[in-house]
Amino acid sequence: MKTIQAITELAASAPAGEVLAMATVMKVRGSAYRRPGARMLMTADGRTAGMISGGCLENDTRLRGREVMATGRPVLVTYDSTAPEDIVFGLGLGCQGIVQVLIEPVTAGDESSVLAFLSACVARRQAGRLATIFQPEGPHLGSRVLRWPDGRVTYSEMPSEIAPPLLRALQENTACRHLVCPIELPTGNKAEILVETVAPPVPLMVFGAGDDAIPLADLARLVGWHVSVIDARAEYAKAERFPSAHAVHCLHPEDLSSSSPVLLAPETMAMIMTHRFAQDKELLRALLPRGLRYVGILGPKSRTQRLLDELTDEGAAFSGKHLARLHSPAGLDIGAETPEEIALSILSEMQAALGQRRGGALRERTSPIHEAATEILASA
């Protein structure tokens with residue numbers, strides 16, 4: 001979502017009506033730095049936002065983007081680094097993969113465009129979904145259907161008969177973040193599409209507004225998360241102490257009810273760092289039953305066990321599923337000591353939880369680093 005935010009900010013800075021170019025990774029075979037759905041926006045004056053590779057494809061993509069802005073026609077570019085001929089292009093990819101990139105013209109200020117769709121996902125902090133034709137090249141290249149965060153469905157310009165198979169693909173494949181699959185066009189020809197979910201920013205709630213919470217808020221904002229800081233002490237819960245936070249609330253744990261201004265959705269990452277035993281106990285009482293994605297707490301295991309024991313003695317009951325999401329002490333074992341290092345440790349563990357990884361060293365993996373985008377192959 002950090003990339004999407006940067007793209008929408010760049011688009012908003014362009015004059016209304018200006019033609020821009022957007023590059024999107026549609027399909028990857030083998031090894032590549034970015035996966036399907038990675039995007040880069042380009043302006044006529046040379047500004048860019050986002051990345052589609054580790055830097056090896058961007059220069060060539062910028063050149064092609066200028067052509068797309070000039071002609072107004074989308075193109076599909078295939079970068080193949082599996083063959084020795086790669087040296088002919090001078091790209092020196094070295095990733096041993098095949099990457100297909102759709103480069104298309106987009107208009108700043110067009111309220112029906114994919115740029116407006118991405119902006120809506122950011123502004124509403126809700127997911128949107130889209131399906132885009134990228135194979136074969138021809139009149140339907142770049143045709144897409146958009147399911148906006150508010151639930152409405154719109155289509156890019158295309159023959160009316162193209163819309164139903166695109167919509168069916170979008171409706172039938174809701175479980176995958178990125179999915180490459182074939183559809184059959186009314187002409188009987190096959191087309192290949194990318195179905196995507198544009199996820200909202202990860203919500204992080206930091207409970208405790210001490211000095212050690214500041215670097216955690218800074219790092220989380222840097223990676224594109226939506227950061228809220230909550231503390232019962234008015235002298236600490238101040239926006240000027242947390243310039244990286246989107247919101248700062250002065251609230252007590254007992255204020256975390258359904259009428260609270262703090263929305264604790266199931267996808268929330270929560271970090272308890274008040275350094276006060278009584279406050280931490282009440283926060284655990286309020287947070288654990290909600291089934292949040294992650295609940296972390298500072299302090300040794302023995303302290304957390306005391307908190308849980310006292311809660312149990314007071315009649316609280318937590319399921320094994322809820323306790324499995326409790327991380328105590330929070331963070332990965334990276335030898336962190338300073339507040340900044342501890343923040344890095346905590347955020348790294350949170351990211352591992354999001355990616356359903358253990359957080360070990362990459363050199364110890366025996367499988368690919370990136371999970372392959374789901375692909376449905378056409379039947380023979």
# chains A, B, ... in the order shown; residues from 1 in each chain; ligands from 1
$ residues_around --residues "Arg358 in chain A" --least-positions-apart "5" --cutoff "12 Å" --atoms "only C-alpha atoms" --output "VMD selection string"
chain A and resid 331 to 333 348 to 353 364 to 365
$ residues_around --residues "range 147-158 of chain A" --least-positions-apart "4" --cutoff "9 Å" --atoms "only C-alpha atoms" --output "ChimeraX atom specification"
/A:112-114,117-118,120-121,124-131,139-140,142-143,162-163,167,170
$ write_last_selection --atoms "C-alpha atoms" --output "JSON list (two decimals), in the first residue's frame"
[["chain", "number", "residue", "atom", "x", "y", "z"],
["A", 112, "SER", "CA", -13.45, 6.82, -13.55],
["A", 113, "SER", "CA", -9.83, 5.77, -14.10],
["A", 114, "VAL", "CA", -7.71, 3.20, -12.34],
["A", 117, "PHE", "CA", -9.82, 3.70, -8.03],
["A", 118, "LEU", "CA", -6.44, 3.41, -6.29],
["A", 120, "ALA", "CA", -10.36, 5.59, -3.29],
["A", 121, "CYS", "CA", -8.75, 2.49, -1.76],
["A", 124, "ARG", "CA", -11.39, 4.92, 2.42],
["A", 125, "ARG", "CA", -8.83, 2.48, 3.88],
["A", 126, "GLN", "CA", -10.80, -0.33, 2.29],
["A", 127, "ALA", "CA", -9.92, -3.01, -0.23],
["A", 128, "GLY", "CA", -10.82, -2.82, -3.90],
["A", 129, "ARG", "CA", -10.54, -5.45, -6.62],
["A", 130, "LEU", "CA", -9.83, -5.32, -10.34],
["A", 131, "ALA", "CA", -9.38, -7.65, -13.28],
["A", 139, "PRO", "CA", -7.79, -4.09, -29.03],
["A", 140, "HIS", "CA", -8.67, -5.50, -25.59],
["A", 142, "GLY", "CA", -5.73, -3.14, -20.71],
["A", 143, "SER", "CA", -9.52, -3.58, -20.61],
["A", 162, "ILE", "CA", -16.23, -8.35, -23.01],
["A", 163, "ALA", "CA", -17.53, -7.23, -19.61],
["A", 167, "LEU", "CA", -16.83, -9.72, -14.06],
["A", 170, "LEU", "CA", -13.56, -11.12, -10.50]]
$ residues_around --residues "Gly224 in chain A" --least-positions-apart "5" --cutoff "9 Å" --atoms "only C-alpha atoms" --output "list in words"
Met1, Lys2, Thr3, Gln5, Pro201, Val202 and Leu219 of chain A
$ select_by_dssp --residues "range 132-331 of chain A" --states "helix (DSSP H, G or I)" --output "PyMOL selection string"
chain A and resi 160-172+213-222+239-241+253-255+277-290+301-313+320-324
$ closest_residue --among "A:Phe277, A:Thr24, A:Leu284, A:Met269" --to "Thr312 in chain A" --atoms "only C-alpha atoms"
A:Leu284
$ residues_around --residues "Val106 in chain A" --least-positions-apart "3" --cutoff "9 Å" --atoms "only C-alpha atoms" --output "count of residues only"
11
$ atom_distance --atom1 "CA of Arg64 in chain A" --atom2 "CA of Ser119 in chain A"
24.5 Å
$ closest_residue --among "A:Asp255, A:Glu111, A:Glu58, A:Glu235" --to "Ala23 in chain A" --atoms "only C-alpha atoms"
A:Glu58
$ residues_around --residues "Ile230 in chain A" --least-positions-apart "6" --cutoff "7 Å" --atoms "only C-alpha atoms" --output "list in words"
Val206, Phe207, Gly208, Ala209, Ala237, Val248, His249, Cys250 and Leu251 of chain A
$ atom_distance --atom1 "CA of Glu67 in chain A" --atom2 "CA of Met42 in chain A"
11.5 Å
$ select_by_dssp --residues "range 115-339 of chain A" --states "strand (DSSP E or B)" --output "VMD selection string"
chain A and resid 128 to 135 144 to 147 153 to 155 178 to 184 190 to 198 203 to 207 226 to 231 247 to 250 269 to 272 294 to 297 326 to 327
$ closest_residue --among "A:Gly109, A:Pro329, A:Pro289, A:Pro266" --to "Arg303 in chain A" --atoms "only C-alpha atoms"
A:Pro329
$ closest_residue --among "A:Val227, A:Leu362, A:Leu102, A:Ile193" --to "Val145 in chain A" --atoms "only C-alpha atoms"
A:Ile193
$ atom_distance --atom1 "CA of Ser228 in chain A" --atom2 "CA of Glu341 in chain A"
20.3 Å
